[in-house]
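Structure, as structure tokens:
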Amino acid sequence: MNAIRGISLSKSFQHYQVLKEISIEVAPGECYALFGPNGAGKTTLLRIFATLHRPTSGHFEIMGIDGKRDRPKLRALIFMIGHGSYLYDDLSVKENIQFAIGVRGGSVTDAEIKKALDQVGIGRFSRLHSRYLSAGMKKRLSIAKALLIKPKVLFLDEGYASLDERGVAMMNETIREFTKAGAAVLMTTHDRGPTAEVADRVGVLSRSTLKELTVKEMVEADALF
């Protein structure tokens, strides 16, 4: 069973077609990196899989669960780190984590929160209101939430954005941790160097066509699109 399976997915906004019959599969324990020019539909595809957009046509499944028929059950298996931080400014770093896990019906101990925050390098800011965090620190907080939630499928929309060199290395270590545990990772990216360190497969989405490459082909290509 594939962790992620999309069949002939299309998506239009008004009269503009963003995706046209895109099919993709990602296995458990695999990291799939998705490249493409701005406006190619990479984020839209991730948001469809994360149940934030409904496809205009086509079918998708997460861990065998139908993406249209059983969205609540599907959402319990996934987590997405996107461009927005989805944080509450008036809550502290720790409180944001507690809230995010609480709305999913879970709970977490103070020791578990501390371990996750230390792992992403912001442990000393646990009591700071999130409004005072930099963009990179907010990204690290989102990664900490993912570490505690432990989804079966992790979506990363420009996962390296806003991170410094240490943050990029930490992100890759997080990706390895997830795939080693059997989770699937589907990421959009423009950064070939760090992506090559963790990706198992690569796709280039351009002009409504998804072309698959090996990691070696991705690294050696003069231009991907």
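In the structure tokens, chains take the letters A, B, ... in the order shown, each chain's residues start at 1, and ligands count up from 1 in the order shown.
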
Could you build a table of the residues in segment 92-159 of chain A lying no more than 10 Å from segment 183-202 of chain A, giving for each the nearest pair of atoms and their separation in Å rounded to one decimal place, using only C-alpha atoms, ordered by chain and ascending residue number, as a Markdown table?
```
| residue | atom | partner | partner_atom | distance |
| --- | --- | --- | --- | --- |
| A:Lys150 | CA | A:Ala183 | CA | 8.5 |
| A:Pro151 | CA | A:Ala183 | CA | 7.1 |
| A:Lys152 | CA | A:Ala183 | CA | 4.7 |
| A:Val153 | CA | A:Ala184 | CA | 4.8 |
| A:Leu154 | CA | A:Val185 | CA | 4.8 |
| A:Phe155 | CA | A:Leu186 | CA | 5.1 |
| A:Leu156 | CA | A:Met187 | CA | 4.4 |
| A:Asp157 | CA | A:Thr188 | CA | 5.0 |
| A:Glu158 | CA | A:Thr189 | CA | 4.9 |
| A:Gly159 | CA | A:Thr189 | CA | 6.9 |
```

Exercise for the section: Would you mind writing down, as a ChimeraX atom specification, each residue of segment 94-149 of chain A that DSSP on the backbone assigns to alpha helix (DSSP H)? Expected result: /A:94-102,110-120,135-149

Practice task
Skip segment 116-119 of chain A itself and residues of its chain fewer than 6 positions away, then list as a count of residues only all residues within 9 Å of it, counting only C-alpha atoms.
Solution key: 11

Problem - Residue nearest Leu45 of chain A - candidates A:Ile175, A:Val108, A:Ala181, A:Val18, atoms counted: only C-alpha atoms - result: A:Val18

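With distances restricted to only C-alpha atoms, A:Gln17 is the closest residue to Ala40 of chain A from A:Ser92, A:Ser130, A:Gln17, A:Ser107.
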
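Remark: for Ala100 of chain A, the closest of the candidate residues A:Met171, A:Ala221, A:Leu87, A:Ala76 is A:Leu87 (distances computed over only C-alpha atoms).
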
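When only C-alpha atoms are used to compute distances to Ile24 of chain A, the closest of the residues A:Leu205, A:Ile149, A:Met218, A:Ala223 turns out to be A:Leu205.
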
When you look at Tyr88 of chain A with a cut-off of 10 Å (counting only C-alpha atoms), what residues show up, excluding the ones that are within fewer than 4 positions of it in the same chain? I need them as a PDB file with N, CA and C atoms, in the first residue's frame.
```
ATOM      1  N   SER A  92       2.356  31.227  23.993  1.00  0.00           N
ATOM      2  CA  SER A  92       3.791  30.972  24.020  1.00  0.00           C
ATOM      3  C   SER A  92       4.129  29.814  23.085  1.00  0.00           C
ATOM      4  N   VAL A  93       5.408  29.608  22.884  1.00  0.00           N
ATOM      5  CA  VAL A  93       5.870  28.483  22.064  1.00  0.00           C
ATOM      6  C   VAL A  93       5.307  27.170  22.611  1.00  0.00           C
ATOM      7  N   GLU A  95       2.712  26.725  24.606  1.00  0.00           N
ATOM      8  CA  GLU A  95       1.249  26.703  24.526  1.00  0.00           C
ATOM      9  C   GLU A  95       0.769  26.423  23.107  1.00  0.00           C
ATOM     10  N   ASN A  96       1.496  26.918  22.113  1.00  0.00           N
ATOM     11  CA  ASN A  96       1.139  26.623  20.729  1.00  0.00           C
ATOM     12  C   ASN A  96       1.244  25.126  20.444  1.00  0.00           C
ATOM     13  N   PHE A  99      -1.680  23.342  22.214  1.00  0.00           N
ATOM     14  CA  PHE A  99      -2.935  23.576  21.514  1.00  0.00           C
ATOM     15  C   PHE A  99      -3.011  22.724  20.243  1.00  0.00           C
ATOM     16  N   HIS A 129       6.182  34.408  23.686  1.00  0.00           N
ATOM     17  CA  HIS A 129       5.029  34.463  22.794  1.00  0.00           C
ATOM     18  C   HIS A 129       5.500  34.340  21.344  1.00  0.00           C
ATOM     19  N   SER A 130       4.748  33.615  20.544  1.00  0.00           N
ATOM     20  CA  SER A 130       5.195  33.310  19.190  1.00  0.00           C
ATOM     21  C   SER A 130       5.279  34.559  18.311  1.00  0.00           C
ATOM     22  N   ARG A 131       4.609  35.644  18.680  1.00  0.00           N
ATOM     23  CA  ARG A 131       4.673  36.868  17.888  1.00  0.00           C
ATOM     24  C   ARG A 131       6.101  37.415  17.809  1.00  0.00           C
TER      25      ARG A 131
END
```

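Relative to atom CA of Pro55 of chain A, atom CA of Lys68 of chain A is found at 9.0 Å.
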
Can you tell me which residues surround Gly58 of chain A at a distance of at most 7 Å, considering only C-alpha atoms, apart from same-chain residues fewer than 5 positions away, and format the answer as a CSV table (one decimal) with C-alpha atoms, in the first residue's frame?
```csv
chain,number,residue,atom,x,y,z
A,7,ILE,CA,-4.6,9.5,-9.8
A,8,SER,CA,-5.2,12.0,-12.6
A,9,LEU,CA,-5.6,14.9,-10.3
A,10,SER,CA,-6.7,18.2,-11.8
```

Handout entry: Atomic distance atom CA of Arg207 of chain A - atom CA of Thr51 of chain A, expressed in Å with one decimal
Key = 23.2 Å

Practice task
Report the residues of chain A whose backbone DSSP state falls under strand (DSSP E), written as a ChimeraX atom specification.
Solution key: /A:4-13,16-26,31-35,57-62,65-66,78-81,153-157,184-188,201-206,209-213

Go ahead and write the residues just picked, C-alpha atoms, as a PDB file, in the first residue's frame.
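Saved file again27.pdb follows:
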```pdb
ATOM      1  CA  ILE A   4       0.370   8.742  -0.928  1.00  0.00           C
ATOM      2  CA  ARG A   5      -1.464   7.967  -4.138  1.00  0.00           C
ATOM      3  CA  GLY A   6      -2.856  10.514  -6.571  1.00  0.00           C
ATOM      4  CA  ILE A   7      -4.570   9.503  -9.798  1.00  0.00           C
ATOM      5  CA  SER A   8      -5.239  11.991 -12.616  1.00  0.00           C
ATOM      6  CA  LEU A   9      -5.552  14.938 -10.254  1.00  0.00           C
ATOM      7  CA  SER A  10      -6.691  18.208 -11.814  1.00  0.00           C
ATOM      8  CA  LYS A  11      -7.395  21.540 -10.177  1.00  0.00           C
ATOM      9  CA  SER A  12      -8.783  24.751 -11.606  1.00  0.00           C
ATOM     10  CA  PHE A  13      -9.335  28.128  -9.994  1.00  0.00           C
ATOM     11  CA  TYR A  16      -7.231  28.916 -14.746  1.00  0.00           C
ATOM     12  CA  GLN A  17      -6.153  25.280 -14.669  1.00  0.00           C
ATOM     13  CA  VAL A  18      -3.289  24.770 -12.233  1.00  0.00           C
ATOM     14  CA  LEU A  19      -3.019  20.972 -12.383  1.00  0.00           C
ATOM     15  CA  LYS A  20      -4.005  18.670 -15.227  1.00  0.00           C
ATOM     16  CA  GLU A  21      -4.278  14.918 -14.655  1.00  0.00           C
ATOM     17  CA  ILE A  22      -1.258  14.555 -12.368  1.00  0.00           C
ATOM     18  CA  SER A  23      -0.562  11.070 -11.008  1.00  0.00           C
ATOM     19  CA  ILE A  24       1.963  10.359  -8.272  1.00  0.00           C
ATOM     20  CA  GLU A  25       2.734   7.644  -5.721  1.00  0.00           C
ATOM     21  CA  VAL A  26       4.955   7.788  -2.631  1.00  0.00           C
ATOM     22  CA  CYS A  31      11.096  11.024   0.596  1.00  0.00           C
ATOM     23  CA  TYR A  32       9.802  12.424  -2.692  1.00  0.00           C
ATOM     24  CA  ALA A  33      11.075  15.869  -3.719  1.00  0.00           C
ATOM     25  CA  LEU A  34       8.960  17.967  -6.061  1.00  0.00           C
ATOM     26  CA  PHE A  35      10.606  20.712  -8.131  1.00  0.00           C
ATOM     27  CA  SER A  57     -11.254  15.932 -10.817  1.00  0.00           C
ATOM     28  CA  GLY A  58      -9.232  12.853 -10.017  1.00  0.00           C
ATOM     29  CA  HIS A  59      -8.768  10.670  -6.957  1.00  0.00           C
ATOM     30  CA  PHE A  60      -6.298  10.476  -4.103  1.00  0.00           C
ATOM     31  CA  GLU A  61      -5.600   8.295  -1.078  1.00  0.00           C
ATOM     32  CA  ILE A  62      -3.448   8.609   2.029  1.00  0.00           C
ATOM     33  CA  ILE A  65      -7.929   6.199   2.937  1.00  0.00           C
ATOM     34  CA  ASP A  66     -10.040   7.923   0.305  1.00  0.00           C
ATOM     35  CA  ILE A  78      -0.879  13.768   8.181  1.00  0.00           C
ATOM     36  CA  PHE A  79       0.908  16.980   9.058  1.00  0.00           C
ATOM     37  CA  MET A  80       1.881  19.857   6.800  1.00  0.00           C
ATOM     38  CA  ILE A  81       4.563  22.492   7.258  1.00  0.00           C
ATOM     39  CA  VAL A 153       2.722  11.368   6.075  1.00  0.00           C
ATOM     40  CA  LEU A 154       4.616  14.661   6.311  1.00  0.00           C
ATOM     41  CA  PHE A 155       4.131  17.415   3.730  1.00  0.00           C
ATOM     42  CA  LEU A 156       6.818  20.103   3.452  1.00  0.00           C
ATOM     43  CA  ASP A 157       6.097  23.125   1.290  1.00  0.00           C
ATOM     44  CA  ALA A 184       6.398   9.210   3.863  1.00  0.00           C
ATOM     45  CA  VAL A 185       7.644  12.713   3.119  1.00  0.00           C
ATOM     46  CA  LEU A 186       6.457  14.732   0.116  1.00  0.00           C
ATOM     47  CA  MET A 187       8.298  18.028  -0.190  1.00  0.00           C
ATOM     48  CA  THR A 188       8.376  20.944  -2.608  1.00  0.00           C
ATOM     49  CA  ARG A 201      12.884  10.125  -5.767  1.00  0.00           C
ATOM     50  CA  VAL A 202      12.484  13.410  -7.603  1.00  0.00           C
ATOM     51  CA  GLY A 203       9.712  14.860  -9.746  1.00  0.00           C
ATOM     52  CA  VAL A 204       9.616  18.042 -11.824  1.00  0.00           C
ATOM     53  CA  LEU A 205       6.185  19.610 -12.223  1.00  0.00           C
ATOM     54  CA  SER A 206       6.065  21.987 -15.175  1.00  0.00           C
ATOM     55  CA  THR A 209       3.351  17.539 -16.649  1.00  0.00           C
ATOM     56  CA  LEU A 210       5.105  15.597 -13.897  1.00  0.00           C
ATOM     57  CA  LYS A 211       8.444  14.160 -15.025  1.00  0.00           C
ATOM     58  CA  GLU A 212      10.363  11.832 -12.710  1.00  0.00           C
ATOM     59  CA  LEU A 213      14.152  11.921 -12.383  1.00  0.00           C
TER      60      LEU A 213
END
```

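With atom CA of Gly121 of chain A on one side and atom CA of His83 of chain A on the other, the separation reads 19.7 Å.
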
Practice task
Select, from A:Leu74, A:Val120, A:Met1, A:Leu163, the residue with the minimum atom-to-atom distance to Ala50 of chain A, counting only C-alpha atoms.
Solution key: A:Leu74

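Proximity to Phe49 of chain A was assessed for A:Arg104, A:Lys115, A:Met63, A:Thr214 counting only C-alpha atoms; the smallest distance is recorded for A:Met63.
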